Amino acid sequence: MLLPLFKQFIKDSESGKRLKKNGGKITKGTIDNYRYVLRNLEAFSSSCAFELRICDALKLNKREQASEKNYWKKFHRKFSNYLYKKGCYDNYVGANMKQIRTFFNYLKKERHFNTGDFYQQLYVRKEEVAILVLSPEQLKFLIHDSAFEAMLTKSEKRIKDIFVFGCTTGLRFSDIFRLTNKNIIQQNTDWYLKAKSKKTKTATTIKLPGYAVAIYEKYKSRSNKKPLFAPITLFNFNKTLKSIGEKAGFTAPIETSRERLGKAQEMSKTAHNSPKRFCDKMSSHMMRRTAITTMLILGMPEHLVRTISGHSSNSSSFYRYVHFAQAYVDQEIEKVHAKLAVY
């Protein structure tokens, strides 16, 4: 039966019995993703009365091989439809399939199960989700506008400061809340942030502007062991951020879409059928994206931005930021050209 084997797969990943290709331990975030897939499989099997099992491919005759191939084709179709009916999109469905393929590789390579290659039918769908970032003008507003600052509650001021710090440094949400005083170093009159990504283990050194140093001075702890920023749940961080965006006037309507089975689904309305606004889409992800695109928009060479962001030279995800930044520059150039066209 598949489900007990999947639980063992999670257990081996958690204990360190199963490791990454480079010999490192599987991260907690990845193991959490395995558990989400397990819950989805359990719920799917129960609600759709679909028995989940694995056969020894070496013991199957030609007819049984064909039957097994059809079984996994049927599983892919039914499990995908189950997730789509729950409101999921291609990226989420594809991520589930990717984790199941990883599980099959574990069975073959580490448990020496003759699973065959049927799991290769579990193709992974991907969708390009639109990148939403603050413009340089919006970021400057959050940094410098004192009248706006006065409108915020104490909690909102703290979230705004953390958000601005993230939009400047490009750190991930998890890495920001791991910072301590030791990560901020002063050399003569200059200040630097030195940090190592929890996800990629990439070390970065970033020179901090005055406003980021002021944020550090405001929140630095008396103990070098305590985090610079007090912990907050991701849910509350994102909820407060949306409120901050609304007070900042970032309320322009936006059109966004997601994909199901490769077909775009418009998402320009909220649950209450009102138009979606820019502030409604603000989240922790916007910090890193804003930092990367701002550096590119304002002219920093790509290879230096990659050094700060930790992207490899052939990273496809990084070039999404490059294309987005170029589109922004093109828009600004068109405004200049439009003014020159009128005499």
# chains A, B, ... in the order shown; residues from 1 in each chain; ligands from 1

$ closest_atom_pairs --of "stretch 127-154 of chain A" --to "stretch 167-183 of chain A" --cutoff "10 Å" --atoms "only C-alpha atoms" --output "tab-separated table"
residue	atom	partner	partner_atom	distance
A:Val133	CA	A:Cys167	CA	9.3
A:Leu134	CA	A:Cys167	CA	8.6
A:Leu139	CA	A:Cys167	CA	7.9

$ residues_around --residues "A:Lys140" --least-positions-apart "5" --cutoff "12 Å" --atoms "only C-alpha atoms" --output "list in words"
Leu134, Ser135, Asp145, Ser146, Phe148, Val164, Cys167, Thr168, Tyr211, Ala248, Thr290 and Thr294 of chain A

$ select_by_dssp --residues "stretch 67-202 of chain A" --states "alpha helix (DSSP H)" --output "VMD selection string"
chain A and resid 67 to 85 90 to 109 136 to 144 146 to 151 154 to 169 173 to 176

$ closest_atom_pairs --of "stretch 99-172 of chain A" --to "stretch 69-84 of chain A" --cutoff "7 Å" --atoms "only C-alpha atoms" --output "CSV"
residue,atom,partner,partner_atom,distance
A:Phe118,CA,A:Lys69,CA,5.7
A:Tyr119,CA,A:Trp72,CA,6.9
A:Gln121,CA,A:Lys73,CA,6.4
A:Leu122,CA,A:His76,CA,5.9

$ write_last_selection --atoms "C-alpha atoms" --output "PDB file, in the first residue's frame"
ATOM      1  CA  PHE A 118       4.972   4.416 -14.578  1.00  0.00           C
ATOM      2  CA  TYR A 119       5.379   7.450 -12.299  1.00  0.00           C
ATOM      3  CA  GLN A 121       3.348   9.855 -16.433  1.00  0.00           C
ATOM      4  CA  LEU A 122       2.824  12.165 -13.455  1.00  0.00           C
TER       5      LEU A 122
END

$ residues_around --residues "A:Arg101" --least-positions-apart "5" --cutoff "12 Å" --atoms "only C-alpha atoms" --output "ChimeraX atom specification"
/A:6,34,37,72,76,94-96,106-108,115-124

$ closest_residue --among "A:Tyr328, A:Tyr92, A:Ser283, A:Ile159" --to "A:Leu298" --atoms "only C-alpha atoms"
A:Tyr328

$ closest_residue --among "A:Lys207, A:Thr30, A:Ala130, A:Arg53" --to "A:Ala195" --atoms "only C-alpha atoms"
A:Lys207

$ closest_residue --among "A:Asn22, A:Met97, A:Thr256, A:Cys55" --to "A:Leu41" --atoms "only C-alpha atoms"
A:Met97
